[in-house]
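Structure below is upload-v3.cif: mmCIF, C-alpha atoms and all ligand atoms.
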```cif
data_model
loop_
_atom_site.label_atom_id
_atom_site.label_comp_id
_atom_site.auth_asym_id
_atom_site.auth_seq_id
_atom_site.Cartn_x
_atom_site.Cartn_y
_atom_site.Cartn_z
CA MET A 1 232.95 -111.88 -4.97
CA ALA A 2 232.59 -115.61 -5.36
CA ASP A 3 231.96 -116.70 -8.90
CA LEU A 4 228.51 -117.88 -9.79
CA GLN A 5 228.60 -121.45 -11.06
CA ILE A 6 226.09 -122.39 -13.75
CA HIS A 7 225.06 -125.86 -14.91
CA GLN A 8 222.76 -126.34 -17.91
CA PHE A 9 221.19 -129.69 -18.75
CA PRO A 10 218.50 -130.96 -21.13
CA CYS A 11 215.13 -132.10 -19.80
CA LEU A 12 211.68 -133.11 -21.07
CA SER A 13 211.79 -133.25 -24.89
CA ASP A 14 213.46 -129.93 -25.72
CA ASN A 15 213.59 -127.89 -22.50
CA PHE A 16 216.70 -126.78 -20.68
CA GLY A 17 217.18 -127.00 -16.95
CA VAL A 18 219.65 -124.56 -15.41
CA LEU A 19 221.14 -124.58 -11.92
CA ILE A 20 223.02 -121.61 -10.50
CA HIS A 21 225.23 -122.07 -7.46
CA ASP A 22 226.82 -119.59 -5.08
CA PRO A 23 229.66 -121.51 -3.43
CA ALA A 24 230.36 -118.94 -0.70
CA GLN A 25 226.92 -119.30 0.88
CA ASN A 26 226.16 -122.73 -0.55
CA LEU A 27 222.98 -121.58 -2.30
CA THR A 28 221.58 -123.26 -5.40
CA ALA A 29 218.69 -122.08 -7.54
CA SER A 30 216.94 -123.92 -10.32
CA ILE A 31 215.91 -121.56 -13.12
CA ASP A 32 212.40 -122.91 -13.70
CA ALA A 33 211.72 -126.54 -12.87
CA PRO A 34 210.54 -128.39 -15.98
CA GLU A 35 210.52 -131.75 -14.17
CA ALA A 36 211.53 -132.71 -10.64
CA LYS A 37 213.41 -135.86 -11.60
CA ALA A 38 215.83 -134.21 -14.02
CA VAL A 39 216.49 -131.29 -11.68
CA ALA A 40 217.10 -133.67 -8.76
CA ALA A 41 219.50 -135.72 -10.88
CA ALA A 42 221.42 -132.60 -11.90
CA LEU A 43 221.64 -131.46 -8.26
CA LYS A 44 222.97 -134.87 -7.26
CA GLU A 45 225.52 -134.86 -10.06
CA LYS A 46 226.84 -131.47 -8.92
CA GLY A 47 226.55 -132.24 -5.20
CA TRP A 48 224.43 -129.12 -4.68
CA THR A 49 221.39 -128.67 -2.42
CA LEU A 50 218.41 -126.80 -3.83
CA THR A 51 217.56 -123.60 -1.95
CA HIS A 52 215.56 -121.63 -4.54
CA ILE A 53 213.49 -121.96 -7.70
CA LEU A 54 213.37 -118.87 -9.91
CA THR A 55 210.30 -119.19 -12.11
CA THR A 56 210.08 -117.22 -15.37
CA HIS A 57 206.46 -118.04 -16.31
CA HIS A 58 203.60 -120.35 -15.51
CA HIS A 59 203.71 -122.90 -18.34
CA ALA A 60 203.74 -126.50 -17.11
CA ASP A 61 207.03 -127.29 -18.83
CA HIS A 62 208.63 -124.60 -16.61
CA THR A 63 206.81 -125.24 -13.33
CA GLY A 64 205.99 -128.96 -13.45
CA GLY A 65 208.67 -129.79 -10.86
CA ASN A 66 207.90 -126.98 -8.40
CA LEU A 67 205.83 -128.78 -5.77
CA GLU A 68 207.78 -132.02 -5.72
CA LEU A 69 211.12 -130.19 -5.43
CA LYS A 70 209.73 -127.86 -2.76
CA SER A 71 208.43 -130.70 -0.61
CA ALA A 72 211.73 -132.56 -0.98
CA THR A 73 214.02 -129.58 -0.25
CA ARG A 74 211.88 -126.80 1.32
CA CYS A 75 213.32 -124.46 -1.30
CA ILE A 76 211.92 -120.95 -1.71
CA ILE A 77 210.00 -120.39 -4.94
CA ILE A 78 210.30 -116.91 -6.46
CA GLY A 79 208.11 -116.08 -9.44
CA PRO A 80 206.28 -113.45 -11.47
CA ARG A 81 203.83 -111.22 -9.62
CA GLY A 82 201.82 -110.81 -12.81
CA GLU A 83 200.79 -114.46 -12.87
CA ALA A 84 201.50 -115.53 -9.27
CA SER A 85 198.22 -117.43 -8.94
CA LYS A 86 199.40 -119.80 -11.69
CA ILE A 87 202.82 -120.57 -10.15
CA PRO A 88 202.64 -123.74 -8.00
CA GLY A 89 204.15 -123.22 -4.53
CA ILE A 90 205.16 -119.58 -5.03
CA ASP A 91 206.57 -117.92 -1.88
CA LYS A 92 207.80 -114.57 -3.15
CA GLN A 93 206.35 -112.48 -5.98
CA VAL A 94 208.63 -110.22 -8.03
CA GLY A 95 208.30 -107.87 -10.99
CA GLU A 96 209.92 -105.05 -12.94
CA GLY A 97 212.55 -103.16 -10.97
CA ASP A 98 212.70 -105.60 -8.06
CA THR A 99 216.07 -106.85 -6.92
CA PHE A 100 216.96 -109.57 -4.46
CA SER A 101 220.14 -111.17 -3.19
CA PHE A 102 221.32 -114.58 -4.24
CA GLY A 103 224.39 -115.12 -2.10
CA SER A 104 226.87 -112.41 -2.99
CA HIS A 105 224.98 -111.54 -6.21
CA GLN A 106 222.10 -109.16 -6.84
CA VAL A 107 219.35 -110.46 -9.11
CA GLN A 108 217.38 -107.89 -11.11
CA VAL A 109 213.89 -108.60 -12.41
CA LEU A 110 212.58 -107.41 -15.77
CA ASP A 111 208.95 -107.76 -16.82
CA THR A 112 209.09 -109.39 -20.27
CA PRO A 113 205.44 -110.15 -21.09
CA GLY A 114 204.13 -111.40 -24.42
CA HIS A 115 204.69 -115.16 -24.38
CA THR A 116 202.66 -115.11 -21.17
CA ALA A 117 201.07 -112.03 -19.60
CA GLY A 118 203.34 -112.05 -16.55
CA HIS A 119 206.60 -113.51 -17.92
CA ILE A 120 209.74 -112.20 -16.21
CA THR A 121 213.48 -112.37 -16.92
CA TYR A 122 216.15 -112.62 -14.23
CA VAL A 123 219.39 -110.67 -14.77
CA ILE A 124 222.53 -110.99 -12.65
CA PRO A 125 224.78 -108.10 -13.76
CA SER A 126 227.73 -109.13 -11.55
CA ALA A 127 227.88 -112.45 -13.43
CA LYS A 128 226.85 -110.91 -16.78
CA VAL A 129 224.06 -113.42 -17.19
CA ALA A 130 220.34 -113.36 -17.96
CA PHE A 131 217.69 -116.08 -17.75
CA ALA A 132 215.11 -115.26 -20.41
CA GLY A 133 212.75 -118.25 -20.18
CA ASP A 134 210.57 -118.35 -23.29
CA THR A 135 210.92 -114.66 -24.22
CA LEU A 136 214.16 -114.87 -26.21
CA PHE A 137 215.63 -117.96 -27.87
CA ALA A 138 218.81 -118.46 -29.85
CA ILE A 139 217.97 -117.05 -33.32
CA GLY A 140 214.34 -116.88 -32.22
CA CYS A 141 211.80 -115.74 -29.68
CA GLY A 142 208.85 -117.24 -27.86
CA ARG A 143 205.39 -117.50 -29.36
CA VAL A 144 203.23 -114.53 -28.50
CA ILE A 145 200.46 -116.38 -26.68
CA GLU A 146 198.98 -114.15 -23.97
CA GLY A 147 200.21 -110.75 -25.08
CA ASP A 148 200.36 -108.90 -28.37
CA MET A 149 203.16 -108.15 -30.81
CA GLN A 150 203.79 -104.65 -29.50
CA MET A 151 204.11 -105.97 -25.94
CA MET A 152 206.50 -108.74 -26.99
CA TRP A 153 208.62 -106.29 -28.98
CA GLN A 154 208.93 -104.00 -25.93
CA SER A 155 210.05 -107.02 -23.88
CA LEU A 156 212.66 -108.00 -26.45
CA LYS A 157 213.90 -104.40 -26.55
CA LYS A 158 214.63 -104.57 -22.82
CA LEU A 159 216.81 -107.64 -23.42
CA MET A 160 218.47 -106.00 -26.44
CA ALA A 161 219.52 -103.12 -24.16
CA LEU A 162 221.53 -105.42 -21.87
CA PRO A 163 225.33 -105.34 -22.31
CA LYS A 164 226.33 -107.29 -25.43
CA ASP A 165 228.55 -109.62 -23.44
CA THR A 166 225.60 -110.77 -21.30
CA THR A 167 225.28 -114.56 -21.49
CA VAL A 168 221.67 -115.59 -22.06
CA TYR A 169 220.10 -118.88 -21.00
CA CYS A 170 216.76 -119.76 -22.60
CA GLY A 171 214.02 -122.28 -22.00
CA HIS A 172 214.31 -124.43 -25.11
CA GLU A 173 216.64 -125.98 -27.67
CA TYR A 174 214.83 -124.67 -30.75
CA THR A 175 217.88 -123.18 -32.44
CA GLN A 176 218.17 -125.44 -35.48
CA SER A 177 214.58 -124.87 -36.57
CA ASN A 178 214.94 -121.16 -35.76
CA ALA A 179 218.05 -120.94 -37.94
CA LYS A 180 216.31 -122.62 -40.89
CA PHE A 181 213.58 -120.01 -40.68
CA ALA A 182 215.94 -117.08 -40.04
CA VAL A 183 217.92 -117.60 -43.25
CA THR A 184 214.68 -117.17 -45.23
CA ILE A 185 214.20 -113.75 -43.60
CA GLU A 186 217.77 -112.48 -43.95
CA PRO A 187 219.73 -114.72 -46.35
CA GLU A 188 222.37 -112.02 -46.99
CA ASN A 189 223.43 -112.00 -43.32
CA ASP A 190 226.80 -113.77 -43.40
CA ALA A 191 227.03 -114.03 -39.61
CA LEU A 192 223.65 -115.76 -39.59
CA GLN A 193 224.60 -118.15 -42.40
CA LYS A 194 227.80 -119.10 -40.57
CA ARG A 195 225.95 -119.54 -37.31
CA ALA A 196 223.32 -121.75 -38.97
CA LYS A 197 226.13 -124.08 -40.11
CA ASP A 198 227.68 -124.06 -36.63
CA VAL A 199 224.29 -124.94 -35.14
CA ASP A 200 223.90 -127.89 -37.54
CA GLN A 201 227.32 -129.18 -36.48
CA LEU A 202 226.57 -128.81 -32.77
CA ARG A 203 223.24 -130.62 -33.11
CA ALA A 204 224.77 -133.38 -35.25
CA ALA A 205 227.24 -133.90 -32.41
CA GLY A 206 224.40 -133.96 -29.86
CA LYS A 207 225.59 -130.75 -28.23
CA PRO A 208 223.47 -127.82 -26.98
CA THR A 209 223.47 -124.54 -28.90
CA LEU A 210 222.79 -122.52 -25.75
CA PRO A 211 223.70 -120.38 -23.91
CA THR A 212 224.04 -117.46 -26.28
CA THR A 213 224.89 -113.78 -25.80
CA ILE A 214 222.99 -110.56 -26.44
CA GLY A 215 225.73 -109.53 -28.90
CA ILE A 216 225.39 -112.72 -30.98
CA GLU A 217 221.59 -112.42 -31.02
CA LEU A 218 221.71 -108.77 -32.09
CA GLU A 219 223.79 -109.83 -35.11
CA THR A 220 221.95 -112.99 -36.14
CA ASN A 221 218.42 -113.12 -34.69
CA PRO A 222 215.91 -111.72 -37.23
CA PHE A 223 213.36 -111.07 -34.46
CA LEU A 224 215.78 -108.48 -33.04
CA ARG A 225 216.50 -106.97 -36.47
CA PRO A 226 213.20 -105.50 -37.78
CA HIS A 227 215.00 -102.19 -38.40
CA VAL A 228 217.30 -103.76 -41.04
CA PRO A 229 216.41 -102.35 -44.50
CA ALA A 230 217.00 -105.65 -46.34
CA ILE A 231 214.55 -107.43 -44.02
CA GLN A 232 211.94 -104.69 -44.34
CA LYS A 233 212.28 -104.84 -48.12
CA ARG A 234 211.95 -108.62 -48.26
CA LEU A 235 208.74 -108.39 -46.20
CA GLY A 236 207.40 -105.47 -48.24
CA MET A 237 207.37 -103.34 -45.10
CA GLU A 238 209.84 -100.56 -45.82
CA GLY A 239 209.64 -97.77 -43.25
CA LYS A 240 207.12 -99.59 -41.05
CA PRO A 241 207.51 -99.43 -37.24
CA ASP A 242 209.86 -102.01 -35.76
CA TRP A 243 207.12 -103.72 -33.74
CA GLN A 244 205.02 -104.28 -36.88
CA VAL A 245 207.94 -105.75 -38.79
CA PHE A 246 208.73 -107.90 -35.76
CA GLY A 247 205.07 -109.01 -35.70
CA GLU A 248 205.19 -110.03 -39.36
CA ILE A 249 208.36 -112.08 -38.76
CA ARG A 250 206.68 -113.78 -35.78
CA GLU A 251 203.54 -114.54 -37.86
CA ARG A 252 205.67 -116.04 -40.63
CA LYS A 253 207.52 -118.23 -38.12
CA ASN A 254 204.17 -119.43 -36.75
CA ARG A 255 203.23 -120.54 -40.27
CA SER A 256 206.63 -122.02 -41.18
ZN ZN A 301 206.35 -121.19 -22.22
#
```
Spell out the structure here as structure tokens.
Ligand SMILES: [Zn+2]
Amino acid sequence: MADLQIHQFPCLSDNFGVLIHDPAQNLTASIDAPEAKAVAAALKEKGWTLTHILTTHHHADHTGGNLELKSATRCIIIGPRGEASKIPGIDKQVGEGDTFSFGSHQVQVLDTPGHTAGHITYVIPSAKVAFAGDTLFAIGCGRVIEGDMQMMWQSLKKLMALPKDTTVYCGHEYTQSNAKFAVTIEPENDALQKRAKDVDQLRAAGKPTLPTTIGIELETNPFLRPHVPAIQKRLGMEGKPDWQVFGEIRERKNRS
């Protein structure tokens, strides 16, 4: 099986663009399309031709480049069934349990609603990679805008169940602010404290903090750790259901 090549690049103010390329069949997909210009520049730099856009959710900073890129390349736009009417140029609607081929790789679709009502995540098990959009971030998670806390927690649990060595690409570079908040929730987590320092160094050097892995997030992301007794105690929520503790952490981050 030909290796999947992945190219991540910054765009807009704090979004990430990601291109995935299957060399055997010369296919290239843009994971979301925050802006046409930056995606086109990244394609040119790599010498790749766009054949697909895989949309995670409808927000403009993830779909703003769809129509311009489609008219320039005639690429196929795949996106969430649950909010298809809001995805510019969508050709193919997908949802939970759907799979489709991307070259020699199978792409699996997970429904991960909460940030938006129809948000999806793309997983490519053969490459051990997931594209989580604005559901999961490094040391954080997306704002719960269209869903509720219980829904978002169920979505995060699906991602937590992926193999720990799954590499995760996310929609935004929010890690430094996430880390600052996370250490207030679980200051005794040594792995988190170390990671927060590493993040500061990466950002000071102008480097991205993404991608991450499921394993790293399970150890350091407080939004995935509502079951931890020290966190429950700090929040005064001992013995409360995970989704409620998660919801309290999310509310506190909103106010931070
Ligand atoms: Zn969003």
Query raised in the report: How far is it from atom CA of A:Asn254 to atom CA of A:Glu186, in Å with one decimal?
Result: 16.9 Å
Report task. Could you report the residues within 9 Å of ligand ZN 301 (chain A), using all atoms listed in the file, as a ChimeraX atom specification? Result -> /A:56-62,115-116,119,133-135,142-143,145,171
Hey, can you spit out that residue selection with C-alpha atoms as an mmCIF file, in the coordinates of the input?
```cif
data_model
loop_
_atom_site.group_PDB
_atom_site.id
_atom_site.type_symbol
_atom_site.label_atom_id
_atom_site.label_comp_id
_atom_site.auth_asym_id
_atom_site.auth_seq_id
_atom_site.Cartn_x
_atom_site.Cartn_y
_atom_site.Cartn_z
ATOM 1 C CA THR A 56 210.080 -117.220 -15.370
ATOM 2 C CA HIS A 57 206.460 -118.040 -16.310
ATOM 3 C CA HIS A 58 203.600 -120.350 -15.510
ATOM 4 C CA HIS A 59 203.710 -122.900 -18.340
ATOM 5 C CA ALA A 60 203.740 -126.500 -17.110
ATOM 6 C CA ASP A 61 207.030 -127.290 -18.830
ATOM 7 C CA HIS A 62 208.630 -124.600 -16.610
ATOM 8 C CA HIS A 115 204.690 -115.160 -24.380
ATOM 9 C CA THR A 116 202.660 -115.110 -21.170
ATOM 10 C CA HIS A 119 206.600 -113.510 -17.920
ATOM 11 C CA GLY A 133 212.750 -118.250 -20.180
ATOM 12 C CA ASP A 134 210.570 -118.350 -23.290
ATOM 13 C CA THR A 135 210.920 -114.660 -24.220
ATOM 14 C CA GLY A 142 208.850 -117.240 -27.860
ATOM 15 C CA ARG A 143 205.390 -117.500 -29.360
ATOM 16 C CA ILE A 145 200.460 -116.380 -26.680
ATOM 17 C CA GLY A 171 214.020 -122.280 -22.000
#
```
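Here the question is which of A:Ser256, A:Leu136, A:Gln232, A:Pro211 gets nearest to A:Ile6 using only C-alpha atoms, and that residue is A:Pro211.
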**Report entry** Spatial neighbours of A:Leu202, max dist 12 Å, all atoms listed in the file, sep filter under 6 positions, as a list in words
**Finding:**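 The neighbour list is Glu173, Thr175, Gln176, Arg195, Ala196, Pro208, Thr209 and Leu210 of chain A.
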Report task. Please provide the set of residues having any atom within 9 Å of A:Gln106, restricted to only C-alpha atoms, with same-chain residues fewer than 4 positions apart removed, written as a PyMOL selection string. Result -> chain A and resi 99-102+123-126
Query - 8 Å contact set for A:His227, all atoms listed in the file, chain neighbours under 3 positions out, as a ChimeraX atom specification - result: /A:231-232,242,245
Query - Separation of atom CA of A:Val129 from atom CA of A:Thr167 in Å - result: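 Calculated distance between atom CA of A:Thr167 and atom CA of A:Val129 is 4.6 Å.
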Requested in this report: Excluding A:Val18 and residues on its chain fewer than 4 positions from it, collect all residues at most 10 Å away from it, counting all atoms listed in the file, and give them as a list in words.
Outcome: Ile6, His7, Gln8, Phe9, Pro10, Cys11, Ala29, Ser30, Ile31, Asp32, Ala33, Pro34, Val39, Ala42, Phe131, Tyr169, Cys170 and Gly171 of chain A
Requested in this report: Skip A:His52 itself and residues of its chain fewer than 2 positions away, then list as a list in words all residues within 8 Å of it, counting all atoms listed in the file.
Outcome: Leu27, Thr28, Ala29, Ser30, Leu50, Leu54, Cys75, Ile76, Ile77 and Ile78 of chain A
I need the chosen residues saved as a PDB file, keeping the file's coordinate frame, with C-alpha atoms.
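Listed below is the output, selection-v5.pdb:
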```pdb
ATOM      1  CA  LEU A  27     222.980-121.580  -2.300  1.00  0.00           C
ATOM      2  CA  THR A  28     221.580-123.260  -5.400  1.00  0.00           C
ATOM      3  CA  ALA A  29     218.690-122.080  -7.540  1.00  0.00           C
ATOM      4  CA  SER A  30     216.940-123.920 -10.320  1.00  0.00           C
ATOM      5  CA  LEU A  50     218.410-126.800  -3.830  1.00  0.00           C
ATOM      6  CA  LEU A  54     213.370-118.870  -9.910  1.00  0.00           C
ATOM      7  CA  CYS A  75     213.320-124.460  -1.300  1.00  0.00           C
ATOM      8  CA  ILE A  76     211.920-120.950  -1.710  1.00  0.00           C
ATOM      9  CA  ILE A  77     210.000-120.390  -4.940  1.00  0.00           C
ATOM     10  CA  ILE A  78     210.300-116.910  -6.460  1.00  0.00           C
TER      11      ILE A  78
END
```
Query - Atomic separation - atom CA of A:His105 relative to atom CA of A:Thr51, Å - result: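 Taking atom CA of A:Thr51 and atom CA of A:His105, their separation equals 14.8 Å.
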Requested in this report: Please identify all polymer residues lying at most 9 Å from the point (208.0, -113.8, -42.2) (file coordinates), using all atoms listed in the file, and present the result as a list in words.
Outcome: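 Returned residue set, sorted by chain then number, is Phe181, Ala182, Thr184, Ile185, Arg234, Leu235, Val245, Phe246, Gly247, Glu248, Ile249, Arg250, Glu251, Arg252, Lys253, Asn254, Arg255 and Ser256 of chain A.
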Query - Which of A:Arg203, A:Pro226, A:Gly97, A:Asn189 sits closest to A:Leu156 [using only C-alpha atoms] - result: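 The closest residue to A:Leu156 is A:Pro226.
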Query raised in the report: Between A:Pro163, A:Gly103, A:Gly47, A:Gly82, which is the closest to A:Lys128 once you count all atoms listed in the file?
Result: A:Pro163
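Between A:Asp91 and the residues A:Asn178, A:Val199, A:Cys141, A:Thr55, the shortest atom-to-atom distance, using only C-alpha atoms, involves A:Thr55.
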Requested in this report: Select, from A:Ile53, A:Ser177, A:Thr112, A:Ala138, the residue with the minimum atom-to-atom distance to A:Lys158, counting all atoms listed in the file.
Outcome: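 Of the candidates, the smallest distance to A:Lys158 is held by A:Thr112.
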Requested in this report: Return the single residue from A:Ile20, A:Leu159, A:Leu67, A:Met152 that is closest to A:Gln5, with distances computed using only C-alpha atoms.
Outcome: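 Among the listed residues, the smallest separation from A:Gln5 belongs to A:Ile20.
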If I only have part of stretch 156-177 of chain A, can you fill in N, CA and C atoms and write it as a PDB file, in the frame of the given file?
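Below is the file selection-v9.pdb, written as the result:
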```
ATOM      1  N   LEU A 156     211.399-107.661 -25.785  1.00  0.00           N
ATOM      2  CA  LEU A 156     212.660-108.000 -26.450  1.00  0.00           C
ATOM      3  C   LEU A 156     213.606-106.796 -26.439  1.00  0.00           C
ATOM      4  N   LYS A 157     213.054-105.594 -26.574  1.00  0.00           N
ATOM      5  CA  LYS A 157     213.900-104.400 -26.550  1.00  0.00           C
ATOM      6  C   LYS A 157     214.627-104.239 -25.205  1.00  0.00           C
ATOM      7  N   LYS A 158     213.954-104.623 -24.128  1.00  0.00           N
ATOM      8  CA  LYS A 158     214.630-104.570 -22.820  1.00  0.00           C
ATOM      9  C   LYS A 158     215.843-105.503 -22.800  1.00  0.00           C
ATOM     10  N   LEU A 159     215.688-106.683 -23.389  1.00  0.00           N
ATOM     11  CA  LEU A 159     216.810-107.640 -23.420  1.00  0.00           C
ATOM     12  C   LEU A 159     217.902-107.145 -24.365  1.00  0.00           C
ATOM     13  N   MET A 160     217.498-106.526 -25.478  1.00  0.00           N
ATOM     14  CA  MET A 160     218.470-106.000 -26.440  1.00  0.00           C
ATOM     15  C   MET A 160     219.329-104.897 -25.828  1.00  0.00           C
ATOM     16  N   ALA A 161     218.795-104.230 -24.801  1.00  0.00           N
ATOM     17  CA  ALA A 161     219.520-103.120 -24.160  1.00  0.00           C
ATOM     18  C   ALA A 161     220.524-103.604 -23.119  1.00  0.00           C
ATOM     19  N   LEU A 162     220.526-104.895 -22.811  1.00  0.00           N
ATOM     20  CA  LEU A 162     221.530-105.420 -21.870  1.00  0.00           C
ATOM     21  C   LEU A 162     222.908-105.364 -22.524  1.00  0.00           C
ATOM     22  N   PRO A 163     223.987-105.335 -21.711  1.00  0.00           N
ATOM     23  CA  PRO A 163     225.330-105.340 -22.310  1.00  0.00           C
ATOM     24  C   PRO A 163     225.502-106.516 -23.281  1.00  0.00           C
ATOM     25  N   LYS A 164     226.205-106.266 -24.377  1.00  0.00           N
ATOM     26  CA  LYS A 164     226.330-107.290 -25.430  1.00  0.00           C
ATOM     27  C   LYS A 164     227.003-108.568 -24.935  1.00  0.00           C
ATOM     28  N   ASP A 165     227.862-108.421 -23.924  1.00  0.00           N
ATOM     29  CA  ASP A 165     228.550-109.620 -23.440  1.00  0.00           C
ATOM     30  C   ASP A 165     227.751-110.351 -22.352  1.00  0.00           C
ATOM     31  N   THR A 166     226.471-110.033 -22.231  1.00  0.00           N
ATOM     32  CA  THR A 166     225.600-110.770 -21.300  1.00  0.00           C
ATOM     33  C   THR A 166     225.321-112.163 -21.873  1.00  0.00           C
ATOM     34  N   THR A 167     225.610-113.192 -21.095  1.00  0.00           N
ATOM     35  CA  THR A 167     225.280-114.560 -21.490  1.00  0.00           C
ATOM     36  C   THR A 167     223.805-114.803 -21.217  1.00  0.00           C
ATOM     37  N   VAL A 168     223.114-115.385 -22.202  1.00  0.00           N
ATOM     38  CA  VAL A 168     221.670-115.590 -22.060  1.00  0.00           C
ATOM     39  C   VAL A 168     221.344-117.085 -22.091  1.00  0.00           C
ATOM     40  N   TYR A 169     220.647-117.512 -21.046  1.00  0.00           N
ATOM     41  CA  TYR A 169     220.100-118.880 -21.000  1.00  0.00           C
ATOM     42  C   TYR A 169     218.620-118.802 -21.327  1.00  0.00           C
ATOM     43  N   CYS A 170     218.142-119.775 -22.116  1.00  0.00           N
ATOM     44  CA  CYS A 170     216.760-119.760 -22.600  1.00  0.00           C
ATOM     45  C   CYS A 170     216.092-121.087 -22.269  1.00  0.00           C
ATOM     46  N   GLY A 171     214.788-121.125 -22.431  1.00  0.00           N
ATOM     47  CA  GLY A 171     214.020-122.280 -22.000  1.00  0.00           C
ATOM     48  C   GLY A 171     214.076-123.503 -22.898  1.00  0.00           C
ATOM     49  N   HIS A 172     214.442-123.310 -24.170  1.00  0.00           N
ATOM     50  CA  HIS A 172     214.310-124.430 -25.110  1.00  0.00           C
ATOM     51  C   HIS A 172     215.460-124.509 -26.114  1.00  0.00           C
ATOM     52  N   GLU A 173     215.699-125.738 -26.578  1.00  0.00           N
ATOM     53  CA  GLU A 173     216.640-125.980 -27.670  1.00  0.00           C
ATOM     54  C   GLU A 173     215.850-125.998 -28.978  1.00  0.00           C
ATOM     55  N   TYR A 174     215.573-124.811 -29.503  1.00  0.00           N
ATOM     56  CA  TYR A 174     214.830-124.670 -30.750  1.00  0.00           C
ATOM     57  C   TYR A 174     215.722-124.101 -31.853  1.00  0.00           C
ATOM     58  N   THR A 175     217.028-124.016 -31.605  1.00  0.00           N
ATOM     59  CA  THR A 175     217.880-123.180 -32.440  1.00  0.00           C
ATOM     60  C   THR A 175     217.962-123.638 -33.886  1.00  0.00           C
ATOM     61  N   GLN A 176     217.994-124.962 -34.103  1.00  0.00           N
ATOM     62  CA  GLN A 176     218.170-125.440 -35.480  1.00  0.00           C
ATOM     63  C   GLN A 176     216.957-125.063 -36.344  1.00  0.00           C
ATOM     64  N   SER A 177     215.775-125.258 -35.804  1.00  0.00           N
ATOM     65  CA  SER A 177     214.580-124.870 -36.570  1.00  0.00           C
ATOM     66  C   SER A 177     214.500-123.346 -36.709  1.00  0.00           C
TER      67      SER A 177
END
```
